[in-house]
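Here's my_file-v2.txt, which has compact mmCIF, C-alpha atoms:
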# COMPACT_ATOMS: atom_id res chain seq x y z
CA MET A 222 70.58 129.97 136.29
CA SER A 223 73.03 131.15 138.91
CA LEU A 224 73.99 127.56 139.65
CA PHE A 225 74.80 126.92 135.97
CA ARG A 226 76.75 130.19 135.72
CA ASN A 227 78.74 129.51 138.89
CA ILE A 228 79.62 125.96 137.84
CA VAL A 229 80.75 127.11 134.38
CA LEU A 230 82.86 129.88 135.93
CA THR A 231 84.43 127.41 138.37
CA ALA A 232 85.13 124.87 135.63
CA VAL A 233 86.69 127.51 133.38
CA ILE A 234 89.04 128.75 136.12
CA ALA A 235 90.00 125.25 137.34
CA GLY A 236 90.26 123.94 133.76
CA LEU A 237 92.42 126.83 132.62
CA VAL A 238 94.95 126.35 135.42
CA ALA A 239 94.92 122.53 135.36
CA GLY A 240 95.09 122.51 131.54
CA LEU A 241 98.10 124.85 131.54
CA LEU A 242 99.79 122.72 134.20
CA LEU A 243 99.11 119.62 132.09
CA THR A 244 100.57 121.32 129.01
CA VAL A 245 103.77 122.19 130.87
CA LEU A 246 104.11 118.65 132.26
CA GLN A 247 103.44 117.11 128.83
CA SER A 248 105.99 119.27 127.08
CA PHE A 249 108.65 117.68 129.30
CA SER A 250 107.28 114.13 129.34
CA THR A 251 104.81 112.80 126.78
CA VAL A 252 105.23 115.17 123.83
CA PRO A 253 108.98 114.49 123.28
CA LEU A 254 108.16 110.75 123.25
CA ILE A 255 105.34 111.32 120.72
CA LEU A 256 107.75 113.25 118.47
CA GLN A 257 110.32 110.49 118.81
CA ALA A 258 107.73 107.84 117.91
CA GLU A 259 106.70 109.83 114.85
CA THR A 260 110.20 109.45 113.43
CA TYR A 261 109.64 105.65 113.44
CA GLU A 262 106.11 106.10 112.09
CA ASN A 263 107.32 108.24 109.19
CA ALA A 264 110.31 105.98 108.51
CA GLY A 265 108.19 103.09 107.25
CA GLY A 266 106.13 102.27 110.31
CA ALA A 267 103.25 104.23 108.86
CA GLU A 268 101.92 101.38 106.75
CA ALA A 269 102.04 98.93 109.64
CA GLY A 270 100.53 101.45 112.00
CA HIS A 271 97.62 102.41 109.82
CA SER A 272 96.99 99.13 108.05
CA HIS A 273 93.74 98.70 109.97
CA SER A 274 92.11 101.58 108.14
CA HIS A 275 93.34 100.49 104.74
CA GLU A 276 92.28 96.91 105.29
CA ALA A 277 88.79 97.98 106.14
CA ALA A 278 88.42 100.04 102.98
CA PRO A 279 88.07 98.26 99.64
CA ALA A 280 91.35 98.56 97.73
CA ALA A 281 89.97 100.82 95.05
CA GLY A 282 90.41 104.43 94.07
CA ALA A 283 86.89 105.14 95.25
CA ALA A 284 87.99 104.27 98.80
CA ALA A 285 90.25 107.31 98.93
CA PRO A 286 88.07 109.30 101.36
CA ALA A 287 88.00 106.42 103.85
CA ALA A 288 91.75 106.04 103.66
CA ALA A 289 92.38 109.76 103.86
CA GLU A 290 90.26 109.92 106.99
CA HIS A 291 92.88 108.00 108.92
CA SER A 292 96.09 109.03 107.21
CA HIS A 293 98.17 111.63 108.95
CA GLY A 294 97.56 115.10 107.59
CA GLU A 295 98.59 114.38 104.02
CA GLU A 296 95.63 116.39 102.82
CA ALA A 297 93.92 117.81 105.88
CA TRP A 298 95.26 120.81 107.70
CA ALA A 299 97.56 120.19 110.66
CA PRO A 300 99.36 122.66 112.90
CA ALA A 301 103.00 123.22 111.92
CA ASP A 302 105.52 121.54 114.19
CA GLY A 303 106.97 123.68 116.91
CA PHE A 304 105.20 126.66 118.45
CA GLU A 305 101.96 126.35 116.48
CA ARG A 306 101.55 122.70 117.43
CA PHE A 307 102.30 123.56 121.07
CA ILE A 308 99.60 126.25 121.09
CA TYR A 309 96.98 123.86 119.65
CA THR A 310 97.96 121.19 122.17
CA ALA A 311 97.66 123.74 124.99
CA ALA A 312 94.22 124.82 123.72
CA ALA A 313 93.04 121.22 123.41
CA ASN A 314 94.32 120.46 126.92
CA ILE A 315 92.56 123.47 128.42
CA LEU A 316 89.31 122.69 126.59
CA SER A 317 89.44 119.05 127.73
CA ALA A 318 90.17 120.20 131.28
CA ILE A 319 87.18 122.57 131.24
CA GLY A 320 84.99 119.79 129.84
CA PHE A 321 86.12 117.31 132.47
CA GLY A 322 85.72 120.01 135.11
CA LEU A 323 82.11 120.68 134.08
CA VAL A 324 81.23 116.99 134.33
CA LEU A 325 83.13 116.59 137.63
CA ILE A 326 81.38 119.55 139.27
CA ALA A 327 77.95 118.56 137.90
CA ILE A 328 78.31 115.05 139.37
CA SER A 329 79.64 116.36 142.68
CA GLU A 330 76.73 118.83 142.94
CA ALA A 331 74.24 116.06 142.30
CA LEU A 332 75.91 114.09 145.11
CA GLY A 333 75.83 116.97 147.58
CA SER A 334 78.28 119.66 146.38
CA LEU A 335 82.04 120.00 146.71
CA LYS A 336 83.20 120.92 150.19
CA GLY A 337 86.53 122.62 149.61
CA TRP A 338 89.73 121.45 147.97
CA HIS A 339 89.82 118.09 149.76
CA GLY A 340 86.41 116.99 148.52
CA GLY A 341 87.46 118.14 145.06
CA LEU A 342 90.68 116.15 145.32
CA MET A 343 88.69 112.98 146.05
CA PHE A 344 86.56 113.60 142.96
CA GLY A 345 89.72 114.27 140.98
CA MET A 346 91.15 110.91 142.05
CA ALA A 347 87.90 109.23 141.03
CA GLY A 348 88.19 111.02 137.69
CA PHE A 349 91.70 109.67 137.21
CA LEU A 350 90.55 106.12 137.99
CA ALA A 351 87.51 106.34 135.71
CA VAL A 352 88.95 108.30 132.77
CA SER A 353 92.67 107.42 132.74
CA LEU A 354 93.46 104.24 134.62
CA ALA A 355 90.47 101.98 133.93
CA PRO A 356 90.29 102.59 130.15
CA GLY A 357 94.10 102.36 130.08
CA LEU A 358 94.02 98.83 131.50
CA GLY A 359 92.42 97.61 128.28
CA LEU A 360 93.66 100.24 125.85
CA PRO A 361 97.10 101.34 127.04
CA PRO A 362 98.15 104.83 125.93
CA GLU A 363 99.39 104.50 122.34
CA LEU A 364 102.18 106.25 120.53
CA PRO A 365 101.80 107.29 116.90
CA GLY A 366 102.68 104.41 114.57
CA MET A 367 101.42 101.70 116.90
CA PRO A 368 98.87 99.18 115.63
CA ALA A 369 95.33 99.43 116.96
CA ALA A 370 91.89 98.01 116.27
CA GLU A 371 89.21 100.01 114.44
CA LEU A 372 88.70 103.44 115.99
CA GLY A 373 84.91 103.24 116.48
CA PRO A 374 84.79 100.08 118.65
CA ARG A 375 87.75 101.30 120.69
CA GLN A 376 85.97 104.60 121.39
CA VAL A 377 82.81 102.73 122.40
CA TRP A 378 84.80 100.47 124.75
CA TRP A 379 86.69 103.42 126.20
CA ILE A 380 83.55 105.45 126.92
CA SER A 381 81.67 102.43 128.32
CA THR A 382 84.60 101.60 130.61
CA ALA A 383 84.82 105.18 131.90
CA VAL A 384 81.05 105.29 132.57
CA CYS A 385 80.97 101.84 134.25
CA THR A 386 83.98 102.68 136.43
CA ALA A 387 82.49 106.03 137.47
CA LEU A 388 79.17 104.36 138.36
CA GLY A 389 80.96 101.58 140.26
CA LEU A 390 83.10 104.03 142.24
CA GLY A 391 80.05 106.17 142.98
CA LEU A 392 78.09 103.20 144.31
CA LEU A 393 81.04 102.12 146.48
CA ALA A 394 81.56 105.62 147.88
CA TYR A 395 77.95 106.62 148.48
CA THR A 396 76.28 103.43 149.65
CA ARG A 397 76.97 101.11 152.57
CA SER A 398 74.96 98.06 151.54
CA VAL A 399 76.04 94.75 150.02
CA VAL A 400 73.08 95.10 147.67
CA PHE A 401 74.94 97.97 146.01
CA ALA A 402 78.51 96.80 146.59
CA VAL A 403 78.07 93.70 144.44
CA PRO A 404 76.83 95.52 141.31
CA ALA A 405 79.52 98.14 141.95
CA ILE A 406 82.26 95.51 141.74
CA VAL A 407 80.59 93.97 138.69
CA LEU A 408 80.54 97.40 137.00
CA LEU A 409 84.24 97.88 137.76
CA ILE A 410 85.24 94.47 136.40
CA ALA A 411 82.80 93.90 133.53
CA PRO A 412 84.55 96.07 130.89
CA HIS A 413 87.78 94.11 131.42
CA VAL A 414 86.00 90.75 131.23
CA VAL A 415 84.43 91.84 127.94
CA GLY A 416 87.83 93.08 126.84
CA ALA A 417 88.97 95.96 124.69
CA PRO A 418 89.09 95.64 120.88
CA LEU A 419 92.59 94.43 120.02
CA PRO A 420 94.62 94.99 116.85
CA PRO A 421 95.12 91.97 114.53
CA THR A 422 98.88 92.27 115.08
CA HIS A 423 101.09 93.96 117.65
CA GLU A 424 104.00 94.44 115.28
CA THR A 425 105.32 97.97 115.32
CA ALA A 426 108.44 99.91 114.48
CA VAL A 427 108.11 101.82 117.75
CA PRO A 428 110.53 100.37 120.34
CA LEU A 429 108.96 98.70 123.38
CA GLU A 430 111.13 100.73 125.71
CA LEU A 431 109.83 104.00 124.21
CA HIS A 432 106.25 102.82 124.70
CA ALA A 433 106.89 101.78 128.31
CA ARG A 434 108.26 105.24 129.09
CA PHE A 435 105.27 106.82 127.35
CA VAL A 436 102.69 104.79 129.31
CA ASN A 437 104.45 105.74 132.52
CA ALA A 438 104.55 109.43 131.55
CA VAL A 439 100.86 109.46 130.57
CA TYR A 440 99.73 108.03 133.92
CA VAL A 441 101.94 110.34 135.98
CA THR A 442 100.89 113.48 134.10
CA ASN A 443 97.23 112.48 134.20
CA LEU A 444 97.39 111.75 137.93
CA VAL A 445 98.83 115.21 138.62
CA PHE A 446 96.33 116.78 136.21
CA TRP A 447 93.26 115.16 137.81
CA ALA A 448 94.50 115.95 141.33
CA ALA A 449 94.98 119.60 140.35
CA LEU A 450 91.67 119.84 138.47
CA GLY A 451 89.69 118.32 141.35
CA ALA A 452 91.36 120.28 144.13
CA LEU A 453 91.05 123.56 142.17
CA ALA A 454 87.43 122.88 141.31
CA GLY A 455 86.68 122.21 144.99
CA ALA A 456 88.52 125.30 146.20
CA VAL A 457 87.06 127.65 143.56
CA ARG A 458 83.55 126.23 143.87
CA GLU A 459 83.41 127.38 147.49
CA ARG A 460 84.05 130.97 146.40
CA PHE A 461 81.41 131.07 143.68
CA ARG A 462 78.07 130.42 145.25
CA ALA A 463 76.62 133.87 144.61
CA GLY A 464 72.88 133.81 143.94
CA GLU A 465 72.45 130.19 144.96
CA ASP A 466 72.05 130.96 148.67
CA ALA A 467 69.85 133.95 147.89
CA THR A 468 67.29 131.73 146.18
CA ALA A 469 67.44 129.22 149.01
CA ARG A 470 67.18 131.78 151.83
CA PRO A 471 63.47 132.68 151.54
CA LEU A 472 62.65 128.99 151.75
CA ALA A 473 64.89 128.61 154.80
CA GLY A 474 63.23 131.64 156.36
CA LEU A 475 59.77 130.21 155.81
CA ALA A 476 60.65 126.84 157.23
CA PRO A 477 59.83 126.40 160.90
CA ARG A 478 62.99 126.48 163.03
CA MET B 706 86.20 108.90 150.48
CA VAL B 707 83.35 111.31 150.99
CA THR B 708 80.88 109.75 153.36
CA ASN B 709 77.52 111.21 152.50
CA SER B 710 74.58 108.95 153.12
CA ALA B 711 72.72 107.35 150.27
CA ALA B 712 69.70 109.46 151.16
CA SER B 713 71.47 112.75 150.47
CA ALA B 714 72.92 111.32 147.28
CA VAL B 715 69.47 110.56 145.95
CA GLY B 716 67.93 113.78 147.20
CA VAL B 717 68.84 116.12 144.33
CA SER B 718 66.34 118.93 144.40
CA ALA B 719 64.26 119.28 141.26
CA SER B 720 65.46 122.84 140.66
CA LYS B 721 69.02 121.56 140.35
CA ILE B 722 68.35 118.80 137.82
CA ILE B 723 68.15 121.06 134.74
CA PRO B 724 71.25 123.21 135.39
CA LEU B 725 73.28 120.17 136.42
CA SER B 726 72.31 118.15 133.34
CA MET B 727 73.04 121.16 131.13
CA THR B 728 76.47 121.47 132.75
CA ALA B 729 77.26 117.79 132.34
CA ILE B 730 76.07 117.75 128.70
CA LEU B 731 78.15 120.85 127.90
CA GLY B 732 81.22 119.20 129.46
CA LEU B 733 80.69 115.92 127.62
CA PHE B 734 80.18 117.82 124.37
CA ILE B 735 83.50 119.65 124.81
CA VAL B 736 85.43 116.48 125.71
CA GLY B 737 83.73 114.60 122.88
CA PHE B 738 84.63 117.28 120.36
CA VAL B 739 88.28 117.56 121.42
CA GLY B 740 88.94 113.90 122.11
CA PHE B 741 86.54 111.82 120.05
CA SER B 742 85.63 113.80 116.92
CA HIS B 743 86.39 111.94 113.69
CA LEU B 744 87.03 115.20 111.84
CA GLU B 745 90.58 115.04 110.50
CA VAL B 746 91.27 118.70 111.24
CA VAL B 747 90.16 118.39 114.87
CA HIS B 748 92.20 115.19 115.21
CA ASN B 749 95.33 116.90 113.91
CA ALA B 750 94.91 119.99 116.07
CA ALA B 751 94.36 117.97 119.26
CA HIS B 752 96.73 115.14 118.26
CA ASP B 753 99.23 115.38 121.13
CA THR B 754 96.45 115.94 123.66
CA ARG B 755 94.62 112.82 122.47
CA HIS B 756 97.74 110.69 122.78
CA SER B 757 98.75 112.19 126.11
CA LEU B 758 95.30 111.71 127.65
CA ALA B 759 95.21 108.13 126.30
CA PHE B 760 92.10 108.74 124.20
CA PRO B 761 91.66 106.20 121.41
CA CYS B 762 93.46 107.75 118.45
CA HIS B 763 93.97 107.19 114.69
Target encoding structure tokens, full file:
Amino acid sequence: MSLFRNIVLTAVIAGLVAGLLLTVLQSFSTVPLILQAETYENAGGAEAGHSHSHEAAPAAGAAAPAAAEHSHGEEAWAPADGFERFIYTAAANILSAIGFGLVLIAISEALGSLKGWHGGLMFGMAGFLAVSLAPGLGLPPELPGMPAAELGPRQVWWISTAVCTALGLGLLAYTRSVVFAVPAIVLLIAPHVVGAPLPPTHETAVPLELHARFVNAVYVTNLVFWAALGALAGAVRERFRAGEDATARPLAGLAPR
Amino acid sequence: MVTNSAASAVGVSASKIIPLSMTAILGLFIVGFVGFSHLEVVHNAAHDTRHSLAFPCH
């Protein structure tokens, strides 16, 4: 159990710091652009932006729950703009960071443990490639009010792409044989050959220039975030190994030489 | 990149498998809840995070 406890502790510390850093970076970069895009969304872009969900539902009163599911907080609770919204964003960032940290450390332990901040940084970079960059090639970061395909298929494509990319990178990093390199490349490319679910139309009230700045800001903030999360996880992991060595020591003592 | 051999990559001791899978599942559950839950309330609370992390949204 000590291994589980130590990993959770490491992920919580690294996730807390990296999540707070991400929140600060976002509040200067992505969040102002999201707020700006929402002014276009609310000023008539809403129908264009959400038409996918209304199209899917039969145009009847009975379809209200399906439509409400995708509409923006007309009925459901949402944090008030300003400080409350900031706090919820910070909490969601920290939780996501802890979640990503848990997965990152679990994978690194299975592959032979993190050896300090540099090993962690390498895993962080892999995390950025698998979770931010690769899914973003097919499904670029979206602003509110932008058209998109059905949510379900996009989530399936996103998760599949992240998993395939992680597997491909792992094979490339941990094997030295062509037998593994070929499937690794196939895993990296396949999601993009299949292609992400696309919206029926790309028409949006959100200006192209705003979107370009947003995509840029998302990649930069995510790169810094993953670098920080990985390096912190690697550095903290080294300090929390209590109990793990103790269980291994009797075995080491029994072993000849 | 890290240059461990394939042998060490495969050689995860049996005692580690359960805690490591539990850790990974816990992490995936957290990310799934924050970033992929279809609950409207969760979506609204984590809205800016979802957009900023480029999760599929709306």
To one decimal in Å, tell me the separation between atom CA of Val717 of chain B and atom CA of Ala331 of chain A. 5.8 Å
Please, which residues are within 12 Å of (93.3, 109.3, 120.0) by the file's coordinates, counting all atoms listed in the file, and could they come as a VMD selection string? (chain A and resid 291 360 to 367 369 to 373 375 to 376 379) or (chain B and resid 737 to 745 747 to 763)
Between atom CA of Phe344 of chain A and atom CA of Phe307 of chain A, what is the distance in Å, rounded to a tenth?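 Atom CA of Phe344 of chain A sits 28.7 Å away from atom CA of Phe307 of chain A.
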Counting all atoms listed in the file, give me one row per residue of chain A with an atom at most 6 Å from an atom of chain B, showing the shortest contact pair and its distance in Å to one decimal, sorted by chain then residue number, as a tab-separated table.
residue	atom	partner	partner_atom	distance
A:Phe225	CA	B:Pro724	CA	5.2
A:His291	CA	B:His763	CA	5.9
A:Trp298	CA	B:Val746	CA	5.7
A:Ala299	CA	B:Asn749	CA	5.1
A:Tyr309	CA	B:Ala750	CA	5.7
A:Thr310	CA	B:Ala751	CA	5.6
A:Ala313	CA	B:Ala751	CA	5.4
A:Asn314	CA	B:Thr754	CA	6.0
A:Ser317	CA	B:Val736	CA	5.2
A:Gly320	CA	B:Gly732	CA	3.8
A:Leu323	CA	B:Gly732	CA	4.9
A:Val324	CA	B:Ala729	CA	4.5
A:Ala327	CA	B:Leu725	CA	5.2
A:Ala331	CA	B:Val717	CA	5.8
A:Leu332	CA	B:Ala714	CA	4.6
A:Pro362	CA	B:Ala759	CA	4.4
A:Gln376	CA	B:Pro761	CA	5.9
A:Tyr395	CA	B:Ala711	CA	5.6
A:Thr396	CA	B:Ala711	CA	5.3
A:Val439	CA	B:Ser757	CA	5.6
Calculated over all atoms listed in the file, which of the candidates A:Ile326, A:Ala411, A:Thr386, A:Leu243 has the smallest distance to Asn227 of chain A?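 Of the candidates, the smallest distance to Asn227 of chain A is held by A:Ile326.
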